[in-house]
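Everything below belongs to target-v2.cif, which stores mmCIF, C-alpha atoms and all ligand atoms.
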data_work
loop_
_atom_site.label_atom_id
_atom_site.label_comp_id
_atom_site.auth_asym_id
_atom_site.auth_seq_id
_atom_site.Cartn_x
_atom_site.Cartn_y
_atom_site.Cartn_z
CA MET A 5 -187.20 22.39 54.90
CA ASP A 6 -187.39 20.46 58.19
CA ALA A 7 -189.43 17.70 56.56
CA LEU A 8 -186.90 17.42 53.74
CA VAL A 9 -183.97 17.27 56.18
CA ASP A 10 -185.73 14.58 58.23
CA LYS A 11 -186.37 12.46 55.17
CA ILE A 12 -182.75 12.74 54.07
CA ARG A 13 -181.60 11.75 57.54
CA GLN A 14 -183.87 8.72 57.39
CA GLY A 15 -182.11 7.62 54.21
CA ASP A 16 -184.68 8.59 51.61
CA ARG A 17 -182.66 8.68 48.39
CA ARG A 18 -185.28 10.57 46.40
CA SER A 19 -185.32 13.38 48.93
CA LEU A 20 -181.53 13.46 48.84
CA ALA A 21 -181.55 13.73 45.05
CA ARG A 22 -184.21 16.45 45.25
CA ALA A 23 -182.18 18.44 47.75
CA MET A 24 -179.12 18.16 45.49
CA THR A 25 -181.12 19.74 42.70
CA LEU A 26 -182.43 22.39 45.08
CA VAL A 27 -179.01 23.55 46.32
CA ASP A 28 -177.93 24.06 42.73
CA ARG A 29 -180.60 26.77 42.35
CA ALA A 30 -181.05 30.28 43.59
CA GLY A 31 -183.97 31.29 45.79
CA ARG A 32 -184.93 31.52 49.43
CA ASP A 33 -185.49 27.77 50.05
CA ALA A 34 -182.17 26.86 48.49
CA GLN A 35 -180.45 29.60 50.48
CA ARG A 36 -181.91 28.39 53.79
CA LEU A 37 -180.86 24.82 53.14
CA LYS A 38 -177.34 25.87 52.10
CA ASP A 39 -176.88 28.03 55.19
CA TRP A 40 -178.05 25.19 57.38
CA LEU A 41 -175.77 22.67 55.66
CA ARG A 42 -172.78 24.98 55.98
CA ARG A 43 -173.26 25.22 59.73
CA SER A 44 -173.71 21.48 60.27
CA SER A 45 -170.95 20.14 57.99
CA GLY A 46 -167.74 18.54 59.20
CA GLN A 47 -169.14 15.28 60.57
CA VAL A 48 -167.35 12.94 58.18
CA PRO A 49 -164.10 13.10 56.21
CA TRP A 50 -164.03 14.09 52.57
CA TRP A 51 -161.46 12.54 50.27
CA GLY A 52 -160.61 14.51 47.13
CA PHE A 53 -159.27 12.88 43.97
CA THR A 54 -157.74 14.98 41.26
CA GLY A 55 -155.42 14.50 38.31
CA PRO A 56 -155.38 14.85 34.53
CA PRO A 57 -158.33 13.59 32.46
CA GLY A 58 -158.27 9.84 31.93
CA VAL A 59 -155.63 9.13 34.57
CA GLY A 60 -157.98 6.69 36.31
CA LYS A 61 -159.72 8.70 39.05
CA SER A 62 -163.12 7.05 38.56
CA THR A 63 -161.55 3.61 38.24
CA LEU A 64 -159.72 4.15 41.51
CA ILE A 65 -162.83 5.41 43.29
CA ASP A 66 -164.69 2.37 42.00
CA ALA A 67 -162.00 0.09 43.43
CA LEU A 68 -161.99 1.99 46.74
CA LEU A 69 -165.78 1.71 46.92
CA SER A 70 -165.46 -2.08 46.80
CA GLY A 71 -162.95 -2.05 49.65
CA LEU A 72 -165.01 0.37 51.72
CA ARG A 73 -168.23 -1.59 51.19
CA GLN A 74 -166.44 -4.77 52.30
CA ARG A 75 -165.64 -2.88 55.49
CA GLY A 76 -169.31 -2.07 55.93
CA GLN A 77 -168.99 1.62 55.15
CA ARG A 78 -171.68 3.65 53.40
CA ILE A 79 -170.16 6.02 50.89
CA GLY A 80 -171.26 9.11 49.01
CA VAL A 81 -169.51 10.16 45.80
CA VAL A 82 -169.60 13.50 43.98
CA ALA A 83 -167.99 13.24 40.57
CA VAL A 84 -167.39 16.25 38.37
CA ASP A 85 -167.74 14.91 34.88
CA PRO A 86 -165.88 16.89 32.25
CA THR A 87 -168.06 15.96 29.33
CA SER A 88 -171.62 15.15 30.20
CA PRO A 89 -174.54 17.39 31.05
CA MET A 90 -175.96 17.15 34.54
CA SER A 91 -178.51 14.41 34.74
CA ASP A 92 -179.95 12.04 37.26
CA GLY A 93 -179.06 8.78 35.68
CA ALA A 94 -178.02 9.01 32.08
CA LEU A 95 -174.82 7.56 30.74
CA LEU A 96 -172.31 9.75 32.50
CA GLY A 97 -168.68 8.77 32.09
CA ASP A 98 -167.82 8.64 35.76
CA ARG A 99 -170.99 6.78 36.62
CA VAL A 100 -170.32 4.18 33.97
CA ARG A 101 -166.97 3.55 35.58
CA MET A 102 -168.67 3.05 38.94
CA MET A 103 -171.80 1.40 37.54
CA ARG A 104 -171.55 -1.77 39.58
CA HIS A 105 -171.96 0.33 42.73
CA ALA A 106 -174.76 2.53 41.40
CA VAL A 107 -177.44 0.04 42.46
CA ASP A 108 -175.93 -0.54 45.90
CA PRO A 109 -178.10 1.14 48.57
CA GLY A 110 -174.93 1.81 50.59
CA VAL A 111 -173.50 3.99 47.82
CA PHE A 112 -174.83 7.25 46.43
CA ILE A 113 -173.15 8.71 43.34
CA ARG A 114 -173.89 12.21 42.08
CA SER A 115 -172.39 13.40 38.81
CA LEU A 116 -172.06 17.08 38.10
CA ALA A 117 -171.15 18.50 34.73
CA THR A 118 -168.15 20.81 34.53
CA HIS A 119 -170.29 23.69 33.36
CA HIS A 120 -171.84 23.70 36.80
CA CYS A 121 -168.41 23.90 38.31
CA GLU A 122 -166.42 26.96 37.38
CA GLY A 123 -162.88 25.71 37.55
CA GLY A 124 -163.81 22.11 38.29
CA LEU A 125 -165.25 22.53 41.74
CA SER A 126 -168.40 24.42 42.53
CA ASP A 127 -170.84 25.47 45.16
CA ALA A 128 -172.89 22.52 43.92
CA THR A 129 -170.02 20.14 44.68
CA LEU A 130 -169.67 21.42 48.23
CA HIS A 131 -173.38 21.39 48.96
CA CYS A 132 -173.83 17.92 47.48
CA ALA A 133 -171.00 16.65 49.67
CA ARG A 134 -172.60 18.30 52.71
CA LEU A 135 -175.94 16.68 51.85
CA LEU A 136 -174.25 13.28 51.69
CA GLU A 137 -172.96 13.91 55.21
CA LEU A 138 -176.47 14.74 56.32
CA ALA A 139 -177.71 11.48 54.77
CA GLY A 140 -175.35 9.63 57.08
CA TYR A 141 -172.73 8.40 54.65
CA ASP A 142 -169.51 7.52 56.43
CA ARG A 143 -167.27 9.24 53.91
CA VAL A 144 -167.61 11.49 50.90
CA LEU A 145 -165.36 10.96 47.90
CA ILE A 146 -165.03 13.85 45.46
CA GLU A 147 -163.61 13.51 41.94
CA THR A 148 -162.51 16.63 40.06
CA VAL A 149 -160.53 17.20 36.92
CA GLY A 150 -157.03 18.39 37.60
CA VAL A 151 -156.64 21.47 35.47
CA GLY A 152 -155.48 24.74 36.92
CA GLN A 153 -156.92 26.40 39.95
CA ASN A 154 -159.47 23.75 40.85
CA GLU A 155 -156.66 21.59 42.14
CA ALA A 156 -156.14 24.11 44.88
CA ASP A 157 -159.91 24.29 45.35
CA ILE A 158 -160.27 20.60 45.99
CA ALA A 159 -157.28 20.64 48.31
CA SER A 160 -158.80 23.41 50.34
CA VAL A 161 -162.05 21.58 51.04
CA ALA A 162 -161.03 17.91 51.07
CA ASP A 163 -159.59 16.51 54.28
CA THR A 164 -157.29 14.24 52.36
CA CYS A 165 -156.29 15.18 48.84
CA VAL A 166 -155.19 12.38 46.52
CA VAL A 167 -153.40 13.46 43.34
CA LEU A 168 -153.25 10.87 40.58
CA LEU A 169 -150.56 10.80 37.95
CA GLY A 170 -149.99 8.27 35.23
CA PRO A 171 -147.51 7.41 32.52
CA GLY A 172 -148.24 8.61 29.02
CA TYR A 173 -149.22 12.19 29.83
CA GLY A 174 -146.34 13.83 28.04
CA ASP A 175 -143.38 15.07 29.94
CA ASP A 176 -143.49 13.65 33.45
CA ILE A 177 -141.57 16.56 34.80
CA GLN A 178 -144.22 18.92 33.41
CA LEU A 179 -146.78 17.24 35.62
CA ILE A 180 -144.57 17.51 38.63
CA LYS A 181 -143.87 21.16 37.90
CA ALA A 182 -147.54 21.94 37.34
CA GLY A 183 -147.98 22.26 41.07
CA LEU A 184 -150.01 19.10 41.49
CA LEU A 185 -147.66 17.64 44.05
CA GLU A 186 -147.86 20.68 46.24
CA ILE A 187 -151.51 20.14 47.08
CA ALA A 188 -151.27 16.38 47.60
CA ASP A 189 -151.47 14.53 50.88
CA ILE A 190 -151.09 11.38 48.87
CA VAL A 191 -149.64 11.05 45.38
CA VAL A 192 -150.76 8.02 43.44
CA VAL A 193 -149.01 6.86 40.31
CA ASN A 194 -151.69 4.84 38.54
CA LYS A 195 -151.37 2.49 35.57
CA CYS A 196 -148.20 0.91 36.91
CA ASP A 197 -148.82 -1.89 34.42
CA LEU A 198 -147.88 0.50 31.59
CA PRO A 199 -144.40 1.42 30.39
CA GLY A 200 -143.05 4.63 31.85
CA ALA A 201 -144.65 4.15 35.27
CA LYS A 202 -141.36 3.29 36.96
CA ARG A 203 -139.72 6.40 35.55
CA LEU A 204 -142.64 8.52 36.74
CA LEU A 205 -142.52 6.98 40.23
CA LYS A 206 -138.84 7.79 40.39
CA GLY A 207 -139.39 11.37 39.22
CA VAL A 208 -142.15 12.00 41.75
CA CYS A 209 -140.10 10.39 44.47
CA GLN A 210 -137.23 12.74 43.75
CA ALA A 211 -139.56 15.72 43.91
CA LEU A 212 -140.76 14.67 47.36
CA GLU A 213 -138.07 15.39 49.88
CA PRO A 214 -136.34 13.88 51.75
CA PRO A 215 -137.03 10.48 50.23
CA THR A 216 -137.04 7.45 52.47
CA PHE A 217 -138.27 3.97 51.81
CA THR A 218 -140.69 2.29 54.17
CA PRO A 219 -140.57 -1.45 54.85
CA SER A 220 -143.89 -1.89 53.04
CA GLY A 221 -142.17 -0.78 49.86
CA HIS A 222 -143.75 2.58 49.20
CA HIS A 223 -141.86 5.79 49.31
CA ARG A 224 -142.40 8.38 51.96
CA GLY A 225 -141.41 11.95 51.55
CA ARG A 226 -142.37 15.52 52.06
CA ALA A 227 -143.41 17.81 49.25
CA VAL A 228 -140.86 20.50 48.68
CA ALA A 229 -143.38 23.30 48.76
CA LEU A 230 -146.68 22.52 50.40
CA GLY A 231 -149.56 24.65 49.23
CA ARG A 232 -152.09 22.83 51.36
CA ASN A 233 -154.31 24.91 53.56
CA GLN A 234 -153.24 23.74 56.93
CA LEU A 235 -154.98 25.12 59.94
CA PRO A 236 -152.70 27.00 62.29
CA ASP A 237 -150.70 24.70 64.52
CA THR A 238 -151.54 21.66 62.43
CA PRO A 239 -148.36 19.85 61.57
CA THR A 240 -147.96 19.23 57.86
CA PRO A 241 -147.91 15.50 57.37
CA ALA A 242 -145.50 13.92 54.95
CA THR A 243 -146.80 13.37 51.44
CA GLU A 244 -147.10 9.69 50.69
CA LEU A 245 -146.48 8.08 47.33
CA PHE A 246 -148.20 4.93 46.11
CA GLY A 247 -147.84 3.03 42.85
CA ILE A 248 -151.06 1.22 41.90
CA GLU A 249 -153.05 -0.39 39.12
CA ALA A 250 -156.59 0.86 39.69
CA LYS A 251 -158.00 -1.32 36.92
CA SER A 252 -156.83 -4.63 38.38
CA GLY A 253 -157.00 -3.33 41.95
CA LYS A 254 -153.32 -3.96 42.60
CA GLY A 255 -152.05 -1.76 45.43
CA VAL A 256 -155.49 -0.25 46.11
CA ASP A 257 -155.98 -1.95 49.46
CA ARG A 258 -152.74 -0.56 50.83
CA LEU A 259 -153.78 2.90 49.69
CA LEU A 260 -157.21 2.44 51.29
CA ASN A 261 -155.65 1.41 54.59
CA LYS A 262 -153.56 4.56 54.53
CA LEU A 263 -156.58 6.76 53.86
CA LEU A 264 -158.49 5.12 56.71
CA GLU A 265 -155.50 5.50 58.99
CA ILE A 266 -155.43 9.26 58.30
CA ASP A 267 -159.16 9.51 59.11
CA HIS A 268 -158.76 7.49 62.27
CA ALA A 269 -156.19 9.96 63.54
CA ALA A 270 -158.66 12.82 62.94
CA ARG A 271 -161.87 11.50 64.47
CA GLY A 272 -162.31 13.81 67.48
CA PRO A 273 -164.76 16.71 67.91
CA GLU A 274 -162.00 19.27 67.44
CA GLN A 275 -161.17 17.80 64.06
CA ARG A 276 -164.83 17.92 63.08
CA GLN A 277 -164.93 21.58 63.87
CA GLY A 278 -161.62 22.05 62.05
CA ARG A 279 -163.05 20.39 58.96
CA ARG A 280 -166.10 22.64 58.96
CA HIS A 281 -163.92 25.69 59.40
CA ARG A 282 -161.55 24.72 56.60
CA ARG A 283 -164.39 23.96 54.20
CA ILE A 284 -165.91 27.36 54.83
CA LEU A 285 -162.53 29.02 54.31
CA GLY A 286 -162.14 27.12 51.04
CA GLU A 287 -165.63 28.16 50.00
CA ILE A 288 -164.95 31.81 50.75
CA ARG A 289 -161.62 31.75 48.94
CA ARG A 290 -163.05 30.11 45.85
CA SER A 291 -166.15 32.23 45.77
CA ALA A 292 -164.28 35.48 46.37
CA ARG A 293 -161.78 34.72 43.64
CA LEU A 294 -164.41 33.79 41.08
CA ARG A 295 -166.72 36.69 41.83
CA CYS A 296 -163.91 39.23 41.81
CA GLU A 297 -162.63 37.86 38.51
CA GLN A 298 -166.09 37.94 36.95
CA ALA A 299 -166.79 41.48 38.19
CA LEU A 300 -163.44 42.65 36.85
CA GLU A 301 -164.11 41.09 33.46
CA ARG A 302 -167.45 42.92 33.31
CA GLU A 303 -165.72 46.16 34.20
CA LEU A 304 -163.17 45.59 31.46
CA ALA A 305 -165.88 44.85 28.92
CA ALA A 306 -167.77 48.08 29.73
CA PRO A 307 -167.42 50.99 27.24
CA SER A 308 -165.90 53.19 29.96
CA ALA A 309 -162.93 50.83 30.16
CA GLN A 310 -162.01 51.62 26.54
CA GLU A 311 -161.03 55.16 27.47
CA LEU A 312 -159.08 53.90 30.46
CA VAL A 313 -157.14 51.49 28.27
CA ALA A 314 -156.47 54.26 25.74
CA GLU A 315 -155.15 56.50 28.54
CA LEU A 316 -152.77 53.79 29.62
CA GLU A 317 -151.67 53.26 26.02
CA ARG A 318 -150.89 56.96 25.72
CA GLY A 319 -149.05 56.88 29.02
CA ASP A 320 -151.46 59.37 30.63
CA VAL A 321 -152.17 57.13 33.63
CA SER A 322 -150.27 54.49 35.56
CA LEU A 323 -151.21 50.83 35.52
CA GLU A 324 -151.89 51.12 39.26
CA ALA A 325 -154.45 53.84 38.63
CA VAL A 326 -156.20 51.73 36.00
CA VAL A 327 -156.28 48.71 38.32
CA ALA A 328 -157.62 50.85 41.17
CA ARG A 329 -160.44 52.27 39.01
CA LEU A 330 -161.43 48.88 37.64
CA GLY A 331 -161.20 47.39 41.13
CA ALA A 332 -163.42 50.09 42.58
CA GLY A 333 -166.04 49.43 39.89
CA ALA A 334 -165.92 45.68 40.54
CA LEU A 335 -166.23 46.23 44.28
CA ALA A 336 -169.26 48.48 43.85
CA GLU A 337 -170.93 45.76 41.80
CA LEU A 338 -170.17 43.10 44.42
CA GLN A 339 -171.60 45.32 47.15
CA LYS A 340 -174.74 45.99 45.13
CA ASN A 341 -175.25 42.24 44.60
CA ALA A 342 -174.74 41.54 48.30
CA ALA A 343 -177.31 44.18 49.25
CA GLU A 344 -179.84 42.50 46.95
CA THR A 345 -179.24 38.99 48.37
CA PRO A 346 -181.60 37.94 51.17
CA LYS A 347 -180.10 38.01 54.65
CA GLN A 348 -178.81 34.72 56.09
CA SER A 349 -181.59 32.66 57.60
CA ARG A 350 -181.27 31.34 61.11
N1 LIG B 1 -153.71 0.17 31.83
C1 LIG B 1 -154.44 0.69 32.80
N2 LIG B 1 -155.53 1.41 32.49
C2 LIG B 1 -156.26 1.93 33.49
C3 LIG B 1 -155.90 1.76 34.85
N3 LIG B 1 -156.79 2.43 35.61
C4 LIG B 1 -157.67 2.99 34.76
N4 LIG B 1 -157.36 2.68 33.49
C5 LIG B 1 -158.09 3.07 32.26
O1 LIG B 1 -157.95 4.44 32.01
C6 LIG B 1 -159.12 4.95 31.34
C7 LIG B 1 -159.63 6.18 32.07
O2 LIG B 1 -160.07 5.82 33.36
P1 LIG B 1 -161.05 6.71 34.21
O3 LIG B 1 -161.19 6.06 35.53
O4 LIG B 1 -162.30 7.01 33.47
O5 LIG B 1 -160.20 8.03 34.33
P2 LIG B 1 -160.63 9.43 34.96
O6 LIG B 1 -159.41 10.04 35.51
O7 LIG B 1 -161.79 9.25 35.87
O8 LIG B 1 -161.10 10.22 33.66
P3 LIG B 1 -161.94 11.59 33.60
O9 LIG B 1 -163.05 11.49 34.62
O10 LIG B 1 -162.43 11.60 32.19
O11 LIG B 1 -160.96 12.68 33.90
C8 LIG B 1 -160.14 3.80 31.32
O12 LIG B 1 -160.10 3.21 30.06
C9 LIG B 1 -159.60 2.86 32.38
O13 LIG B 1 -159.96 1.52 32.14
C10 LIG B 1 -154.74 0.99 35.16
O14 LIG B 1 -154.34 0.77 36.30
N5 LIG B 1 -154.04 0.49 34.08
MG MG B 2 -163.65 10.18 35.89
#
Full structure transcribed into structure tokens:
Amino acid sequence: MDALVDKIRQGDRRSLARAMTLVDRAGRDAQRLKDWLRRSSGQVPWWGFTGPPGVGKSTLIDALLSGLRQRGQRIGVVAVDPTSPMSDGALLGDRVRMMRHAVDPGVFIRSLATHHCEGGLSDATLHCARLLELAGYDRVLIETVGVGQNEADIASVADTCVVLLGPGYGDDIQLIKAGLLEIADIVVVNKCDLPGAKRLLKGVCQALEPPTFTPSGHHRGRAVALGRNQLPDTPTPATELFGIEAKSGKGVDRLLNKLLEIDHAARGPEQRQGRRHRRILGEIRRSARLRCEQALERELAAPSAQELVAELERGDVSLEAVVARLGAGALAELQKNAAETPKQSR
């Protein structure tokens, strides 16, 4: 493992790609590397980008990559692609969007298929991002699809969470209500060249309270209910709203400056430790939720659950008793799995 880590640190892209494949597998070597990565992460900021399919996440990342490269930054990207199978270089949607940067030695793009990412984010996503840190990239950009719980997942591991919205996705208010705003540090209304964008900007602005207008022309506000995982004693910053056109690049530079400004304010050693801590918390939360859900589903599918369900139907037991019995079964399974997993390596 030491040789692999050294090679990655020296900038060997093949070793980096190999390690990304390794962390996606089970086994002792993968486990050792993952444990090591978990302990060393936090060096550089991660920016998360989420929003409905087709809203322009990859196009925005592509535009940001140009701006960041002009500033001499080396950037790693992990993109969760909703359609394509995992592959090292085939025609993946997100990669196509960022193709002009794929040959740039200062950029490393890793696409992951959704099936690797229960709920849009996955262990693979986290470990790939950590590997990009190890390889010395100055920032890691993560793209996920904004459906359901994974929005909260990305918010809990990214240092800055950018939520993209766009006109033409049905009822604007639906999007606002869907809880997307609550996880955002920055809300971006993309496709401002299209009809309906102004109305959407206005709607989002109203949902962010109290609205004020900055001299630079973008709105500044605070999300009504912030679901972001703030560390204790960390003040919740105001959610910013930007209107952009990712395709033409209009407004992207202002957004990039804001993102860099946020990073600049969080560059000390304490913040690095805070980042590591928050990522691990996010990892635990996500993993615990998924594993509990899966274990419960298995319990429910077992023949013994049929009788339990019938008892509840007849009114012989309470719902609480059923939940407790299923929960106990799920817990026993989780404990058995943990006992079979090799101990953490030091
Ligand atoms: N009109 C207009 N179209 C845009 C803009 N930005 C992106 N698009 C287009 O929107 C489509 C989807 O863009 P993507 O960047 O692939 O969107 P995405 O959110 O990454 O999509 P998924 O990864 O599939 O969820 C493409 O055809 C883009 O060219 C914009 O500012 N204006
Ligand atoms: Mg995309």
Have a look at atom CA of A:Val161 and atom CA of A:Arg104 and let me know their distance in Å, one decimal. 27.7 Å
Length of the atom CA of A:Arg295 to atom CA of A:Leu338 vector [Å]: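 Distance between the two atoms: 7.7 Å.
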As a quick test: using all atoms listed in the file, which residues lie no more than 7 Å away from ligand LIG 1 (chain B)? Give them as a PyMOL selection string. chain A and resi 55-64+85-86+97-98+101+149+194-198+248-252
Generate a file of the selected residues that holds C-alpha atoms, formatted as a PDB file, in the frame of the given file.
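So the final result, stored in result39.pdb, reads:
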ATOM      1  CA  GLY A  55    -155.420  14.500  38.310  1.00  0.00           C
ATOM      2  CA  PRO A  56    -155.380  14.850  34.530  1.00  0.00           C
ATOM      3  CA  PRO A  57    -158.330  13.590  32.460  1.00  0.00           C
ATOM      4  CA  GLY A  58    -158.270   9.840  31.930  1.00  0.00           C
ATOM      5  CA  VAL A  59    -155.630   9.130  34.570  1.00  0.00           C
ATOM      6  CA  GLY A  60    -157.980   6.690  36.310  1.00  0.00           C
ATOM      7  CA  LYS A  61    -159.720   8.700  39.050  1.00  0.00           C
ATOM      8  CA  SER A  62    -163.120   7.050  38.560  1.00  0.00           C
ATOM      9  CA  THR A  63    -161.550   3.610  38.240  1.00  0.00           C
ATOM     10  CA  LEU A  64    -159.720   4.150  41.510  1.00  0.00           C
ATOM     11  CA  ASP A  85    -167.740  14.910  34.880  1.00  0.00           C
ATOM     12  CA  PRO A  86    -165.880  16.890  32.250  1.00  0.00           C
ATOM     13  CA  GLY A  97    -168.680   8.770  32.090  1.00  0.00           C
ATOM     14  CA  ASP A  98    -167.820   8.640  35.760  1.00  0.00           C
ATOM     15  CA  ARG A 101    -166.970   3.550  35.580  1.00  0.00           C
ATOM     16  CA  VAL A 149    -160.530  17.200  36.920  1.00  0.00           C
ATOM     17  CA  ASN A 194    -151.690   4.840  38.540  1.00  0.00           C
ATOM     18  CA  LYS A 195    -151.370   2.490  35.570  1.00  0.00           C
ATOM     19  CA  CYS A 196    -148.200   0.910  36.910  1.00  0.00           C
ATOM     20  CA  ASP A 197    -148.820  -1.890  34.420  1.00  0.00           C
ATOM     21  CA  LEU A 198    -147.880   0.500  31.590  1.00  0.00           C
ATOM     22  CA  ILE A 248    -151.060   1.220  41.900  1.00  0.00           C
ATOM     23  CA  GLU A 249    -153.050  -0.390  39.120  1.00  0.00           C
ATOM     24  CA  ALA A 250    -156.590   0.860  39.690  1.00  0.00           C
ATOM     25  CA  LYS A 251    -158.000  -1.320  36.920  1.00  0.00           C
ATOM     26  CA  SER A 252    -156.830  -4.630  38.380  1.00  0.00           C
TER      27      SER A 252
END
Take atom CA of A:Arg293 and atom CA of A:Trp50 and report the distance between them in Å, one decimal. 22.6 Å
Restricting the calculation to all atoms listed in the file: of A:Leu68, A:Ile146, A:Leu136, A:Ile190, which residue gets closest to ligand MG 2 (chain B)?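 Counting all atoms listed in the file, the residue closest to ligand MG 2 (chain B) is A:Ile146.
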A:Trp51: which residues within 7 Å, counting all atoms listed in the file, same-chain residues fewer than 2 positions away excluded, as a ChimeraX atom specification? /A:49,53,144-146,162-165
Which residue of A:Leu263, A:Ile187, A:Ala201, A:Met5 approaches A:Leu72 most closely, using only C-alpha atoms: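 Selected residue with least distance to A:Leu72: A:Leu263.
Shortest atom-to-atom contact with A:Gly272 among A:Gln47, A:Ala34, A:Ile12, A:Ala334: A:Gln47, counting all atoms listed in the file.
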Nearest candidate to A:Leu138 (options A:Gly200, A:Gly278, A:Gly80, A:Gly183; using only C-alpha atoms): A:Gly80
